[in-house]
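For reference, the structure discussed in these notes is given below.
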Amino acid sequence: MQSYSSDIEAADALKEKAAAIRKAIAKVIVGQDDVVEKLIIAILCNGHTLLVGVPGLAKTLLVKTIADVLDLSFKRIQFTPDLMPSDITGAEILNEQRQFQFIKGPIFANIILADEINRTPPKTQAALLEAMQERRVTTGGVEYKLPSPFFVLATQNPIEQEGTYPLPEAQLDRFMFQVTLDYPSFAEEVMIVRNTTGALVAELTKVITGDDILLFQDLVRRVPVPDNVLEYAVGLVQKTRPGSNTASPVATQYIAYGAGPRASQYLVLGAKCNALLNGKYSPDIEDVRAMAMPVLRHRVLRNYKAEAEGITQESLIKQLM
């Protein structure tokens, strides 16, 4: 792990490392620049991300590529209706000495890909989400700490709803971002097909270590935030809450439930990191606005009127801003 003489030097190094991460990922992933940027921000803010997109948009490949570039351990858990909590966290077995021994599950890695998280019942979802919040697993009255850094990157298919168990809002709130993956452009798809149907295999270089990530996470926390930026972030979140005296008319008309305090925290943390990645040493209101969509998208619950009129979360958030 490299040490830096000042926070300014560390901030400059963070910007350079992020550029190197983007360049390395681009060897494998074509396009999806905004998705990659949000994932980098979430990792540097010690947050988890929910990726939503139709099949075939390289969600799994993207997460695996990020783990390789960051030189972190990686485990993929395919969520299915018959998956049990112990299949994620691990289980106690009777060993040859006739003593109970805990065998760690796939959750004990730096980056966890929870593939199709909405395909498993709430009991199993909860086993993963407890680990996300507490960064530990408890079994048989014994606590086992998860490795650090630790991130859950979950995927969800928005079009295939048969046999799925949508995540409850309280569980969705554990994710810092919900990022939507779109179809590639014509030029991007041509490049994807060319790259994936040939014989060449991209060689990935390790750009950053786990210790570096922990150092940069601490740096993000230390970034100063002006009062007006902090108040803008909290004010934006409070606008989403119908029935409160700070509610926006849009929220009163179209929102059933608004975002909680965790949204304000993630808006400010994300704004700090976004500022550093853009060469600034303190965030401004534009940095908060850049974080608003992925932070609020899964925390703003539309009412029946909004659904009947076909009004999306995205359009509501744009009106609130």
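How things are named: the first chain in the structure tokens is A, the next is B, and so on; residues count from 1 in each chain; ligands count from 1 in the order shown.
Near Ala127 of chain A, within 8 Å and counting only C-alpha atoms, sit Pro85, Ile88, Thr89, Lys123, Thr124, Gln125, Leu129, Glu130 and Ala131 of chain A; same-chain residues fewer than 2 positions away were not included.
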Residues near Arg174 of chain A, cut-off 8 Å, only C-alpha atoms, skip fewer than 3 positions along chain, as a PyMOL selection string: chain A and resi 48+129+132-133+170-171
In segment 116-277 of chain A, DSSP helix (DSSP H, G or I) residues written as a VMD selection string: chain A and resid 117 to 119 122 to 134 169 to 172 186 to 196 210 to 222 227 to 239 249 to 254 261 to 277
Contacts of segment 264-268 of chain A at 8 Å (only C-alpha atoms; same-chain gap of 5+ positions) as a VMD selection string: chain A and resid 176 230 233 to 234 237 288 291 to 292 295
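Using only C-alpha atoms for every distance, the candidate list A:Gly258, A:Val69, A:Leu50, A:Met84 yields A:Val69 as the residue closest to Lys23 of chain A.
Within the 9 Å cut-off around Thr155 of chain A, using only C-alpha atoms and omitting residues fewer than 3 positions from it on the same chain, the listed residues are A:Thr49, A:Leu50, A:Leu51, A:Val52, A:Gly53, A:Lys59, A:Thr60, A:Leu113, A:Ala114, A:Asp115, A:Glu116, A:Ile117, A:Asn118.
For the set A:Ile112, A:Ala259, A:Ile311, A:Ala11, the residue with the smallest atom-to-atom gap to Leu236 of chain A is A:Ala259, counting only C-alpha atoms.
Here atom CA of Ala275 of chain A stands at a distance of 9.6 Å from atom CA of Val220 of chain A.
Assigned to strand (DSSP E or B) in segment 179-314 of chain A, given DSSP computed from backbone atoms, are Val179, Thr180, Ile255, Ala256, Tyr257, Leu301 and Arg302 of chain A.
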Who sits within 7 Å of Lys239 of chain A, only C-alpha atoms, same chain under 4 positions skipped, as number ranges by chain: A: 235, 246-248, 251
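The protein and nucleic acid residues lying at most 10 Å from Gln313 of chain A are A:Tyr254, A:Ile255, A:Met293, A:Leu296, A:Arg297, A:His298, A:Arg299, A:Val300, A:Leu301, A:Arg302, A:Ala306, A:Glu307, A:Gly310, A:Ile311, A:Ser315, A:Leu316, A:Ile317, A:Lys318, A:Gln319, with only C-alpha atoms considered and sequence neighbours fewer than 2 positions away removed.
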Output C-alpha atoms of each residue in that selection to a file, as a PDB file, in the first residue's frame.
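Ended up saving to part_16.pdb:
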ATOM      1  CA  TYR A 254     -47.326  10.892  -7.248  1.00  0.00           C
ATOM      2  CA  ILE A 255     -45.180   9.362  -4.463  1.00  0.00           C
ATOM      3  CA  MET A 293     -30.722   9.324  -9.915  1.00  0.00           C
ATOM      4  CA  LEU A 296     -33.073   7.876  -5.209  1.00  0.00           C
ATOM      5  CA  ARG A 297     -34.288   5.594  -8.014  1.00  0.00           C
ATOM      6  CA  HIS A 298     -34.990   2.613  -5.718  1.00  0.00           C
ATOM      7  CA  ARG A 299     -35.996   4.690  -2.685  1.00  0.00           C
ATOM      8  CA  VAL A 300     -38.896   6.605  -4.236  1.00  0.00           C
ATOM      9  CA  LEU A 301     -42.034   4.438  -4.305  1.00  0.00           C
ATOM     10  CA  ARG A 302     -44.676   5.577  -6.795  1.00  0.00           C
ATOM     11  CA  ALA A 306     -48.211   7.602 -10.972  1.00  0.00           C
ATOM     12  CA  GLU A 307     -48.344   3.984 -12.153  1.00  0.00           C
ATOM     13  CA  GLY A 310     -47.098   5.774 -16.649  1.00  0.00           C
ATOM     14  CA  ILE A 311     -44.868   8.184 -14.715  1.00  0.00           C
ATOM     15  CA  SER A 315     -39.104  11.466 -14.392  1.00  0.00           C
ATOM     16  CA  LEU A 316     -40.241  12.137 -10.798  1.00  0.00           C
ATOM     17  CA  ILE A 317     -36.629  12.601  -9.624  1.00  0.00           C
ATOM     18  CA  LYS A 318     -35.934  14.981 -12.526  1.00  0.00           C
ATOM     19  CA  GLN A 319     -38.992  17.046 -11.542  1.00  0.00           C
TER      20      GLN A 319
END
Residue contacts of Leu14 of chain A (12 Å, only C-alpha atoms) excluding same-chain residues fewer than 4 positions away, as number ranges by chain: A: 2, 4, 7-10, 18-21, 40-41, 44, 207-208, 212-220, 273-281
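Here the question is which of A:Ala154, A:Glu231, A:Glu143, A:Tyr257 gets nearest to Gly243 of chain A using only C-alpha atoms, and that residue is A:Tyr257.
Note that the spacing between atom CA of Thr80 of chain A and atom CA of Pro106 of chain A amounts to 14.9 Å.
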